[in-house]
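Raw work-v9.csv, CSV, C-alpha atoms and all ligand atoms:
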chain,number,residue,atom,x,y,z
D,1,MET,CA,113.9,96.5,64.6
D,2,THR,CA,113.1,92.8,64.6
D,3,THR,CA,109.9,91.5,62.9
D,4,LEU,CA,106.7,92.1,64.8
D,5,VAL,CA,104.1,89.4,64.8
D,6,THR,CA,100.4,89.8,65.4
D,7,TRP,CA,98.1,87.3,67.1
D,8,SER,CA,94.3,87.6,67.8
D,9,PHE,CA,93.3,85.4,70.7
D,10,PRO,CA,90.8,87.1,70.8
D,11,THR,CA,92.7,90.3,71.9
D,12,THR,CA,95.0,91.6,69.2
D,13,ILE,CA,98.5,90.9,70.5
D,14,VAL,CA,101.6,92.5,68.9
D,15,PHE,CA,104.8,90.8,69.9
D,16,GLY,CA,108.4,91.7,69.3
D,17,VAL,CA,111.1,94.2,70.2
D,18,GLY,CA,109.8,97.6,69.3
D,19,ALA,CA,106.1,96.7,69.7
D,20,VAL,CA,105.6,99.6,72.1
D,21,ARG,CA,106.1,102.0,69.1
D,22,LYS,CA,102.7,100.9,67.8
D,23,VAL,CA,100.9,102.4,70.7
D,24,ALA,CA,99.5,105.5,69.0
D,25,ASP,CA,98.3,103.4,66.0
D,26,TYR,CA,96.4,101.1,68.3
D,27,VAL,CA,94.8,103.9,70.3
D,28,LYS,CA,93.7,105.5,67.0
D,29,ARG,CA,92.1,102.2,66.0
D,30,THR,CA,89.8,102.5,69.0
D,31,GLY,CA,88.4,105.7,67.6
D,32,THR,CA,89.8,108.2,70.1
D,33,LYS,CA,92.6,110.8,70.2
D,34,ARG,CA,92.8,111.2,74.0
D,35,ALA,CA,94.3,108.5,76.3
D,36,LEU,CA,94.8,108.2,80.0
D,37,VAL,CA,98.1,106.3,80.7
D,38,VAL,CA,97.7,104.3,83.9
D,39,CYS,CA,101.0,103.2,85.5
D,40,ASP,CA,102.8,103.3,88.9
D,41,PRO,CA,105.7,105.3,90.3
D,42,GLY,CA,108.1,102.5,89.3
D,43,VAL,CA,107.2,102.7,85.6
D,44,VAL,CA,107.6,106.5,85.8
D,45,LYS,CA,111.0,106.1,87.5
D,46,VAL,CA,112.5,103.9,84.8
D,47,GLY,CA,111.3,106.3,82.1
D,48,ILE,CA,108.8,104.0,80.4
D,49,ALA,CA,105.8,106.2,81.3
D,50,ASP,CA,107.5,109.2,79.6
D,51,ARG,CA,108.4,107.1,76.6
D,52,VAL,CA,104.8,105.9,76.1
D,53,ARG,CA,103.6,109.5,76.5
D,54,SER,CA,106.0,110.8,73.9
D,55,LEU,CA,105.1,108.0,71.5
D,56,LEU,CA,101.4,108.9,71.9
D,57,GLU,CA,102.0,112.6,71.4
D,58,GLU,CA,104.2,112.0,68.3
D,59,GLY,CA,101.2,110.0,67.0
D,60,ASP,CA,98.9,112.9,67.6
D,61,ILE,CA,97.2,111.4,70.8
D,62,ALA,CA,96.7,113.7,73.8
D,63,ALA,CA,98.1,111.7,76.7
D,64,SER,CA,97.9,112.3,80.5
D,65,VAL,CA,99.8,110.0,82.9
D,66,PHE,CA,98.1,108.7,86.1
D,67,ASP,CA,100.6,106.9,88.4
D,68,ARG,CA,98.9,106.6,91.7
D,69,VAL,CA,98.5,102.8,91.7
D,70,ASP,CA,99.7,100.8,94.8
D,71,PRO,CA,101.8,97.6,94.5
D,72,ASN,CA,98.6,95.8,95.3
D,73,PRO,CA,95.8,98.0,93.9
D,74,VAL,CA,93.2,99.4,96.4
D,75,GLU,CA,89.8,100.9,95.8
D,76,LYS,CA,91.1,104.5,96.2
D,77,ASN,CA,93.5,104.0,93.2
D,78,ILE,CA,90.4,103.2,91.0
D,79,THR,CA,88.3,106.1,92.3
D,80,GLU,CA,91.2,108.6,91.7
D,81,GLY,CA,91.9,107.0,88.3
D,82,VAL,CA,88.3,107.6,87.2
D,83,GLU,CA,88.6,111.2,88.2
D,84,ALA,CA,91.8,111.5,86.2
D,85,PHE,CA,90.1,109.9,83.2
D,86,ARG,CA,87.2,112.4,83.4
D,87,ALA,CA,89.5,115.4,84.0
D,88,HIS,CA,91.5,114.5,80.8
D,89,GLU,CA,88.3,113.8,78.9
D,90,ALA,CA,90.0,110.6,77.9
D,91,GLY,CA,88.5,108.1,75.4
D,92,CYS,CA,90.7,105.1,76.3
D,93,VAL,CA,93.0,103.7,78.9
D,94,VAL,CA,96.6,102.7,78.1
D,95,CYS,CA,97.8,100.5,81.0
D,96,VAL,CA,101.5,100.3,81.4
D,97,GLY,CA,103.4,98.2,83.9
D,98,GLY,CA,103.2,95.0,85.9
D,99,GLY,CA,100.0,93.3,87.0
D,100,SER,CA,99.0,96.1,89.3
D,101,PRO,CA,98.7,99.0,86.9
D,102,LEU,CA,97.3,96.7,84.2
D,103,ASP,CA,94.5,95.5,86.6
D,104,ALA,CA,93.9,99.0,88.0
D,105,GLY,CA,93.7,100.4,84.5
D,106,LYS,CA,91.1,97.8,83.4
D,107,LEU,CA,89.0,98.5,86.6
D,108,ILE,CA,89.3,102.3,86.0
D,109,ALA,CA,87.9,101.7,82.5
D,110,LEU,CA,85.1,99.7,84.1
D,111,LYS,CA,84.2,102.3,86.7
D,112,VAL,CA,84.0,105.1,84.1
D,113,THR,CA,80.8,103.7,82.8
D,114,HIS,CA,79.6,101.4,85.6
D,115,ASP,CA,78.0,103.0,88.7
D,116,ARG,CA,77.6,100.1,91.2
D,117,PRO,CA,80.1,99.8,94.0
D,118,LEU,CA,83.1,97.6,93.1
D,119,ALA,CA,82.0,94.9,95.6
D,120,ASP,CA,78.9,94.3,93.4
D,121,TYR,CA,81.2,93.1,90.5
D,122,ASP,CA,83.1,90.5,92.7
D,123,ASP,CA,83.5,87.3,90.8
D,124,SER,CA,82.8,85.2,93.9
D,125,VAL,CA,79.2,86.5,93.9
D,126,ASP,CA,79.0,86.3,90.1
D,127,GLY,CA,79.3,90.0,89.8
D,128,GLY,CA,80.4,89.8,86.2
D,129,ARG,CA,76.8,89.6,85.2
D,130,PHE,CA,76.5,93.4,85.9
D,131,ILE,CA,79.3,94.2,83.5
D,132,THR,CA,78.2,95.3,80.0
D,133,SER,CA,80.2,95.9,76.8
D,134,ASN,CA,80.0,99.7,77.5
D,135,VAL,CA,83.6,99.9,78.8
D,136,PRO,CA,86.1,102.4,77.2
D,137,PRO,CA,88.7,100.7,75.0
D,138,ILE,CA,91.8,99.4,76.8
D,139,VAL,CA,95.4,99.0,75.4
D,140,THR,CA,97.8,97.1,77.6
D,141,ILE,CA,101.7,97.3,77.6
D,142,PRO,CA,103.3,94.9,80.1
D,143,THR,CA,106.7,95.7,81.7
D,144,THR,CA,106.9,92.4,83.6
D,145,ALA,CA,106.3,88.8,82.5
D,146,GLY,CA,104.0,87.1,85.0
D,147,THR,CA,100.4,88.0,85.6
D,148,GLY,CA,99.4,88.0,81.9
D,149,SER,CA,96.9,90.6,82.9
D,150,GLU,CA,97.6,92.2,79.5
D,151,VAL,CA,95.5,89.4,77.8
D,152,GLY,CA,93.4,88.4,80.9
D,153,ARG,CA,89.7,89.2,81.4
D,154,SER,CA,90.0,90.0,85.1
D,155,GLY,CA,91.2,92.7,87.5
D,156,VAL,CA,92.2,92.2,91.2
D,157,VAL,CA,91.6,94.9,93.7
D,158,THR,CA,91.6,95.1,97.5
D,159,LEU,CA,88.2,96.5,98.6
D,160,ALA,CA,88.1,99.1,101.5
D,161,GLN,CA,85.1,97.4,103.1
D,162,THR,CA,86.4,93.8,103.3
D,163,ALA,CA,90.2,94.3,103.1
D,164,ARG,CA,90.1,91.3,100.8
D,165,LYS,CA,91.7,90.8,97.4
D,166,THR,CA,88.7,90.7,95.1
D,167,VAL,CA,88.7,89.3,91.6
D,168,ILE,CA,86.5,91.1,89.0
D,169,PHE,CA,86.0,89.0,85.9
D,170,SER,CA,84.3,89.7,82.6
D,171,PRO,CA,85.0,89.3,78.9
D,172,HIS,CA,84.4,93.0,78.6
D,173,LEU,CA,87.6,93.7,80.6
D,174,LEU,CA,89.7,92.2,77.7
D,175,ALA,CA,92.1,94.7,76.2
D,176,ASN,CA,91.4,95.8,72.6
D,177,ALA,CA,95.2,95.4,71.9
D,178,ALA,CA,98.2,94.2,73.9
D,179,LEU,CA,101.7,95.3,72.9
D,180,LEU,CA,104.3,92.8,74.1
D,181,ASP,CA,107.7,94.3,73.8
D,182,PRO,CA,110.5,92.2,75.5
D,183,GLU,CA,112.7,95.2,75.6
D,184,LEU,CA,110.5,96.7,78.3
D,185,THR,CA,111.2,93.8,80.7
D,186,ARG,CA,115.0,94.1,80.3
D,187,SER,CA,115.5,96.3,83.3
D,188,MET,CA,113.5,94.0,85.6
D,189,PRO,CA,115.8,92.9,88.5
D,190,GLY,CA,116.5,89.2,88.9
D,191,ARG,CA,114.3,88.7,91.9
D,192,VAL,CA,111.3,90.3,90.3
D,193,THR,CA,111.9,88.3,87.1
D,194,ALA,CA,112.0,85.1,89.2
D,195,ALA,CA,108.9,86.0,91.2
D,196,THR,CA,106.8,87.2,88.3
D,197,GLY,CA,108.0,84.2,86.3
D,198,PHE,CA,106.7,81.9,89.0
D,199,ASP,CA,103.3,83.6,88.7
D,200,ALA,CA,103.2,82.7,85.0
D,201,LEU,CA,104.2,79.1,85.8
D,202,THR,CA,101.6,78.9,88.6
D,203,HIS,CA,98.9,80.1,86.2
D,204,CYS,CA,99.8,77.4,83.7
D,205,LEU,CA,100.1,74.6,86.2
D,206,GLU,CA,96.9,75.4,88.1
D,207,ALA,CA,94.9,75.9,84.9
D,208,TYR,CA,96.2,72.6,83.5
D,209,CYS,CA,95.3,70.7,86.7
D,210,SER,CA,92.1,72.5,87.5
D,211,VAL,CA,88.7,70.8,87.4
D,212,GLY,CA,86.7,71.0,84.2
D,213,ASP,CA,87.1,70.0,80.6
D,214,HIS,CA,88.9,72.6,78.5
D,215,PRO,CA,91.3,71.1,76.0
D,216,MET,CA,92.3,74.4,74.4
D,217,ALA,CA,93.2,75.9,77.8
D,218,ASP,CA,95.1,72.7,78.6
D,219,ALA,CA,97.2,72.8,75.4
D,220,ILE,CA,98.1,76.5,76.0
D,221,ALA,CA,99.0,75.8,79.6
D,222,LEU,CA,101.3,73.0,78.7
D,223,SER,CA,103.1,75.1,76.1
D,224,GLY,CA,103.3,77.9,78.7
D,225,ILE,CA,105.0,75.5,81.2
D,226,GLU,CA,107.5,74.5,78.4
D,227,HIS,CA,108.3,78.2,77.9
D,228,CYS,CA,108.9,78.6,81.6
D,229,ALA,CA,111.2,75.5,81.7
D,230,GLN,CA,113.1,76.8,78.7
D,231,HIS,CA,113.4,80.5,79.6
D,232,LEU,CA,113.0,81.4,83.3
D,233,VAL,CA,116.5,80.5,84.5
D,234,ARG,CA,118.1,82.3,81.6
D,235,ALA,CA,115.9,85.4,82.0
D,236,VAL,CA,116.9,85.6,85.7
D,237,ASP,CA,120.6,85.0,85.0
D,238,HIS,CA,121.0,87.0,81.8
D,239,GLY,CA,118.5,89.8,81.9
D,240,ASP,CA,119.7,91.2,78.6
D,241,ASP,CA,118.8,88.1,76.7
D,242,LEU,CA,115.8,89.4,74.8
D,243,SER,CA,115.0,85.9,73.5
D,244,ALA,CA,114.6,84.6,77.1
D,245,ARG,CA,112.7,87.8,78.1
D,246,GLY,CA,110.4,87.2,75.1
D,247,GLY,CA,110.0,83.6,76.0
D,248,MET,CA,108.8,84.5,79.5
D,249,MET,CA,106.4,87.2,78.1
D,250,LYS,CA,104.9,84.5,75.9
D,251,ALA,CA,104.6,82.2,79.0
D,252,ALA,CA,102.9,84.9,81.0
D,253,MET,CA,100.4,85.6,78.1
D,254,MET,CA,99.7,81.9,77.8
D,255,GLY,CA,99.1,81.5,81.5
D,256,ALA,CA,96.5,84.2,81.6
D,257,VAL,CA,94.7,82.8,78.5
D,258,ALA,CA,94.8,79.3,80.0
D,259,PHE,CA,93.4,80.3,83.4
D,260,GLN,CA,90.0,81.2,82.0
D,261,LYS,CA,89.6,77.4,82.7
D,262,GLY,CA,90.2,78.0,86.4
D,263,LEU,CA,93.0,78.2,88.9
D,264,GLY,CA,93.4,76.4,92.2
D,265,ALA,CA,94.3,76.4,95.9
D,266,CYS,CA,97.7,78.1,95.4
D,267,HIS,CA,96.1,81.3,94.2
D,268,SER,CA,93.6,81.3,97.2
D,269,LEU,CA,96.6,81.0,99.5
D,270,ALA,CA,98.5,83.7,97.7
D,271,HIS,CA,95.9,86.4,97.7
D,272,PRO,CA,95.7,86.9,101.5
D,273,LEU,CA,99.5,86.8,101.7
D,274,SER,CA,99.5,90.0,99.5
D,275,SER,CA,96.5,91.8,101.1
D,276,GLU,CA,97.5,90.9,104.8
D,277,LYS,CA,101.3,90.6,104.6
D,278,GLY,CA,102.2,92.7,101.6
D,279,ILE,CA,104.0,89.8,99.9
D,280,HIS,CA,104.6,90.1,96.1
D,281,HIS,CA,101.9,88.0,94.3
D,282,GLY,CA,104.4,85.9,92.3
D,283,LEU,CA,106.6,85.3,95.3
D,284,ALA,CA,103.5,84.2,97.3
D,285,ASN,CA,102.7,81.7,94.6
D,286,ALA,CA,106.3,80.4,94.5
D,287,LEU,CA,106.3,79.9,98.2
D,288,CYS,CA,103.0,78.0,98.3
D,289,LEU,CA,102.9,76.0,95.0
D,290,PRO,CA,105.1,73.0,96.0
D,291,ALA,CA,102.9,72.2,99.0
D,292,VAL,CA,99.8,72.6,97.0
D,293,VAL,CA,101.2,70.2,94.3
D,294,ASP,CA,102.1,67.7,97.0
D,295,PHE,CA,98.5,67.9,98.3
D,296,ASN,CA,97.1,67.4,94.8
D,297,GLN,CA,99.6,64.7,93.8
D,298,ALA,CA,97.3,61.7,94.2
D,299,THR,CA,94.2,63.4,92.6
D,300,ALA,CA,96.0,64.9,89.6
D,301,ALA,CA,98.8,62.3,89.3
D,302,ALA,CA,98.8,62.0,85.5
D,303,ARG,CA,98.8,65.7,84.9
D,304,LEU,CA,101.5,66.4,87.5
D,305,GLU,CA,103.6,63.7,86.1
D,306,ARG,CA,103.5,65.4,82.7
D,307,ILE,CA,104.6,68.7,84.3
D,308,ARG,CA,107.4,67.0,86.2
D,309,ALA,CA,108.7,65.6,83.0
D,310,ILE,CA,108.8,69.0,81.4
D,311,LEU,CA,110.4,70.8,84.3
D,312,ASP,CA,113.0,68.2,85.3
D,313,ALA,CA,113.0,64.7,83.9
D,314,ASN,CA,115.3,63.6,86.7
D,315,SER,CA,113.3,64.8,89.7
D,316,LYS,CA,111.2,62.3,91.7
D,317,ASP,CA,108.0,64.3,91.6
D,318,CYS,CA,106.5,67.7,90.6
D,319,GLY,CA,106.8,69.3,94.1
D,320,THR,CA,110.5,68.4,94.2
D,321,ALA,CA,111.1,69.9,90.7
D,322,LEU,CA,109.4,73.1,91.7
D,323,ARG,CA,111.4,73.4,94.9
D,324,ALA,CA,114.6,73.0,92.9
D,325,LEU,CA,113.6,75.6,90.3
D,326,ARG,CA,112.6,78.0,93.1
D,327,LYS,CA,116.0,77.6,94.6
D,328,ARG,CA,117.8,77.9,91.3
D,329,VAL,CA,116.2,81.3,90.6
D,330,GLY,CA,117.2,82.6,94.0
D,331,LEU,CA,113.8,82.8,95.7
D,332,PRO,CA,113.4,82.1,99.4
D,333,GLN,CA,112.3,78.6,100.4
D,334,GLY,CA,109.5,79.4,102.9
D,335,LEU,CA,107.0,81.9,104.1
D,336,GLY,CA,109.0,82.3,107.3
D,337,ALA,CA,111.7,84.2,105.4
D,338,GLU,CA,108.9,86.7,104.4
D,339,GLY,CA,107.8,87.4,108.0
D,340,VAL,CA,104.9,84.9,108.1
D,341,SER,CA,104.6,82.9,111.3
D,342,ALA,CA,102.3,80.1,112.6
D,343,ALA,CA,100.3,82.7,114.5
D,344,ASP,CA,99.3,84.3,111.2
D,345,VAL,CA,97.8,81.1,109.8
D,346,PRO,CA,94.2,81.1,111.2
D,347,LYS,CA,93.4,84.5,109.8
D,348,LEU,CA,95.1,83.8,106.5
D,349,ALA,CA,93.2,80.5,106.2
D,350,ASP,CA,89.9,82.3,106.8
D,351,LYS,CA,90.6,84.7,104.0
D,352,ALA,CA,91.9,82.0,101.7
D,353,PHE,CA,88.8,79.9,102.1
D,354,GLU,CA,86.6,82.9,101.2
D,355,ASP,CA,88.7,83.3,97.9
D,356,ALA,CA,87.0,81.7,94.9
D,357,CYS,CA,90.1,80.3,93.2
D,358,HIS,CA,90.3,77.1,95.2
D,359,ARG,CA,87.0,76.0,93.7
D,360,GLY,CA,89.0,75.0,90.6
D,361,ASN,CA,91.5,72.9,92.6
D,362,PRO,CA,91.5,69.3,91.5
D,363,ARG,CA,91.2,68.1,95.1
D,364,PRO,CA,88.5,69.9,97.1
D,365,VAL,CA,89.9,71.9,100.0
D,366,THR,CA,88.5,72.8,103.4
D,367,ARG,CA,89.5,75.7,105.5
D,368,GLU,CA,91.6,73.4,107.6
D,369,ASP,CA,93.4,72.0,104.5
D,370,LEU,CA,94.3,75.6,103.6
D,371,ALA,CA,95.7,76.2,107.1
D,372,GLU,CA,97.7,73.0,106.8
D,373,LEU,CA,99.0,74.1,103.4
D,374,TYR,CA,100.2,77.4,104.9
D,375,ARG,CA,102.0,75.5,107.7
D,376,ALA,CA,103.6,73.2,105.1
D,377,SER,CA,104.8,76.3,103.3
D,378,LEU,CA,106.4,78.1,106.3
N,1,ZN,ZN,98.6,84.9,89.7

Can I see the file as structure tokens?
Amino acid sequence: MTTLVTWSFPTTIVFGVGAVRKVADYVKRTGTKRALVVCDPGVVKVGIADRVRSLLEEGDIAASVFDRVDPNPVEKNITEGVEAFRAHEAGCVVCVGGGSPLDAGKLIALKVTHDRPLADYDDSVDGGRFITSNVPPIVTIPTTAGTGSEVGRSGVVTLAQTARKTVIFSPHLLANAALLDPELTRSMPGRVTAATGFDALTHCLEAYCSVGDHPMADAIALSGIEHCAQHLVRAVDHGDDLSARGGMMKAAMMGAVAFQKGLGACHSLAHPLSSEKGIHHGLANALCLPAVVDFNQATAAARLERIRAILDANSKDCGTALRALRKRVGLPQGLGAEGVSAADVPKLADKAFEDACHRGNPRPVTREDLAELYRASL
């Protein structure tokens, strides 16, 4: 086993090949011996859910696996997860998987102790003020390198009432510990590696360019962009390269730490593409990001110039560098390839404008700007 390193920022993060083997230790540290493992059918299929369950049981933790989480989590996943938590008399949630099980697991933990309807906790109406520290402990184990949800303080869920992707944000949703094991991302197919990697890159880029003064977030975002520039292509082309896989896990982690500063218009465009059209979140970002960067070019010129220089010193601007990278990692070049047409734009733009992320965009956006950005991304 290679050396494991531990960071606290403020979540305790254990990084390195073999980190997953620490799961029982970290559950015990939260003071419980019963864990609900939240994952999805994909995590079960590749055998990772069973592996985590065995590791927990070997460490004397009673584990029950809950895998009914949709690719874009819906309210029902949370309600059923809370029932599973209670049926198992669990004391903590171990979230295993990509962004969806990680987000769902955090929101299941929230709802175990918080009785209001999920809509009340919506970040766009400052719902985080209703969230107290009385949330069961959370341990996160990512199997992709993109959302950074393992160290993030938010969960995204599509609510039944509004059919809208809703962000729930509170420091009390931070995991107690995150175990980042590059080995767990080795089986991720190239296209998923590319799409989730673009999500990490989008988090870093949007955080760095977002409004507000946050030098710590800026520094982390820049380093995250450097990690993407160095490792994304290699992780896509050589999935067995654990150094590239680890580099992208670090980029994902840094993106999620950085975006406590804010995000931007790209994430507002991406959210309805998932809830309305079922497009993978990272891919939705990859398809919209160049147009958003072009739109922000004049307002955020100095910052985008810095990113351009990191991504590709020879490209003429940041949007061009991003389009080239997107092509290099084998992703489609427009929303049209994913079944989105001009007829979809008005409804998507309405939903994107309701989304709170664009408030961080360096150049303010109107509903019509968002519609135009979708058209420019077709
Ligand atoms: Zn994202």

Check: Using all atoms listed in the file, which residue out of D:His214, D:Arg245, D:Arg328, D:His172 lies closest to Gly262 of chain D?
Finding: D:His214

Margin query: Please return as number ranges by chain the residues found within 9 Å of ligand ZN 1 (chain N), counting all atoms listed in the file.
Written below: D: 99, 146-148, 196, 198-203, 255-256, 263, 266-267, 270-271, 281-282, 285

Taking C-alpha atoms for each residue, export the selection above as an mmCIF file, keeping the file's coordinate frame.
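As a result, selection-v2.cif now contains:
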data_model
loop_
_atom_site.group_PDB
_atom_site.id
_atom_site.type_symbol
_atom_site.label_atom_id
_atom_site.label_comp_id
_atom_site.auth_asym_id
_atom_site.auth_seq_id
_atom_site.Cartn_x
_atom_site.Cartn_y
_atom_site.Cartn_z
ATOM 1 C CA GLY D 99 100.000 93.300 87.000
ATOM 2 C CA GLY D 146 104.000 87.100 85.000
ATOM 3 C CA THR D 147 100.400 88.000 85.600
ATOM 4 C CA GLY D 148 99.400 88.000 81.900
ATOM 5 C CA THR D 196 106.800 87.200 88.300
ATOM 6 C CA PHE D 198 106.700 81.900 89.000
ATOM 7 C CA ASP D 199 103.300 83.600 88.700
ATOM 8 C CA ALA D 200 103.200 82.700 85.000
ATOM 9 C CA LEU D 201 104.200 79.100 85.800
ATOM 10 C CA THR D 202 101.600 78.900 88.600
ATOM 11 C CA HIS D 203 98.900 80.100 86.200
ATOM 12 C CA GLY D 255 99.100 81.500 81.500
ATOM 13 C CA ALA D 256 96.500 84.200 81.600
ATOM 14 C CA LEU D 263 93.000 78.200 88.900
ATOM 15 C CA CYS D 266 97.700 78.100 95.400
ATOM 16 C CA HIS D 267 96.100 81.300 94.200
ATOM 17 C CA ALA D 270 98.500 83.700 97.700
ATOM 18 C CA HIS D 271 95.900 86.400 97.700
ATOM 19 C CA HIS D 281 101.900 88.000 94.300
ATOM 20 C CA GLY D 282 104.400 85.900 92.300
ATOM 21 C CA ASN D 285 102.700 81.700 94.600
#

Next item on the list: Could you give me, as a ChimeraX atom specification, the residues within 12 Å of Thr299 of chain D, counting only C-alpha atoms and dropping anything in the same chain fewer than 2 positions from it?
Entry: /D:209-211,292-297,301-305,361-364

Check: atom CA of Lys277 of chain D to atom CA of Leu348 of chain D: how many Å, to one decimal?
Finding: 9.4 Å

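Going from atom CA of Phe85 of chain D over to atom CA of Ser8 of chain D, you cover 27.4 Å.
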
Checklist line | Gap from atom CA of Met188 of chain D to atom CA of Leu102 of chain D - Å, one decimal | finding: 16.5 Å

Please provide the set of residues having any atom within 6 Å of Ala178 of chain D, restricted to all atoms listed in the file, with same-chain residues fewer than 6 positions apart removed, written as a CSV table (one decimal) with C-alpha atoms, keeping the file's coordinate frame.
chain,number,residue,atom,x,y,z
D,13,ILE,CA,98.5,90.9,70.5
D,139,VAL,CA,95.4,99.0,75.4
D,140,THR,CA,97.8,97.1,77.6
D,141,ILE,CA,101.7,97.3,77.6
D,150,GLU,CA,97.6,92.2,79.5

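Distance check against Val44 of chain D using all atoms listed in the file: of D:Gly197, D:Pro71, D:Gly97, D:Gly59, the minimum falls on D:Gly97.
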
If you count all atoms listed in the file, which residues fall within 10 Å of segment 241-244 of chain D, apart from same-chain ones fewer than 2 positions away, as a PDB file with C-alpha atoms, in the coordinates of the input?
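Now in result_5.pdb:
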ATOM      1  CA  GLY D  16     108.400  91.700  69.300  1.00  0.00           C
ATOM      2  CA  VAL D  17     111.100  94.200  70.200  1.00  0.00           C
ATOM      3  CA  ASP D 181     107.700  94.300  73.800  1.00  0.00           C
ATOM      4  CA  PRO D 182     110.500  92.200  75.500  1.00  0.00           C
ATOM      5  CA  GLU D 183     112.700  95.200  75.600  1.00  0.00           C
ATOM      6  CA  LEU D 184     110.500  96.700  78.300  1.00  0.00           C
ATOM      7  CA  THR D 185     111.200  93.800  80.700  1.00  0.00           C
ATOM      8  CA  ARG D 186     115.000  94.100  80.300  1.00  0.00           C
ATOM      9  CA  HIS D 227     108.300  78.200  77.900  1.00  0.00           C
ATOM     10  CA  CYS D 228     108.900  78.600  81.600  1.00  0.00           C
ATOM     11  CA  GLN D 230     113.100  76.800  78.700  1.00  0.00           C
ATOM     12  CA  HIS D 231     113.400  80.500  79.600  1.00  0.00           C
ATOM     13  CA  LEU D 232     113.000  81.400  83.300  1.00  0.00           C
ATOM     14  CA  VAL D 233     116.500  80.500  84.500  1.00  0.00           C
ATOM     15  CA  ARG D 234     118.100  82.300  81.600  1.00  0.00           C
ATOM     16  CA  ALA D 235     115.900  85.400  82.000  1.00  0.00           C
ATOM     17  CA  VAL D 236     116.900  85.600  85.700  1.00  0.00           C
ATOM     18  CA  ASP D 237     120.600  85.000  85.000  1.00  0.00           C
ATOM     19  CA  HIS D 238     121.000  87.000  81.800  1.00  0.00           C
ATOM     20  CA  GLY D 239     118.500  89.800  81.900  1.00  0.00           C
ATOM     21  CA  GLY D 246     110.400  87.200  75.100  1.00  0.00           C
ATOM     22  CA  GLY D 247     110.000  83.600  76.000  1.00  0.00           C
ATOM     23  CA  MET D 248     108.800  84.500  79.500  1.00  0.00           C
ATOM     24  CA  MET D 249     106.400  87.200  78.100  1.00  0.00           C
ATOM     25  CA  LYS D 250     104.900  84.500  75.900  1.00  0.00           C
TER      26      LYS D 250
END

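Here the question is which of D:Ala87, D:Ala194, D:Leu118, D:Ala286 gets nearest to Val167 of chain D using all atoms listed in the file, and that residue is D:Leu118.
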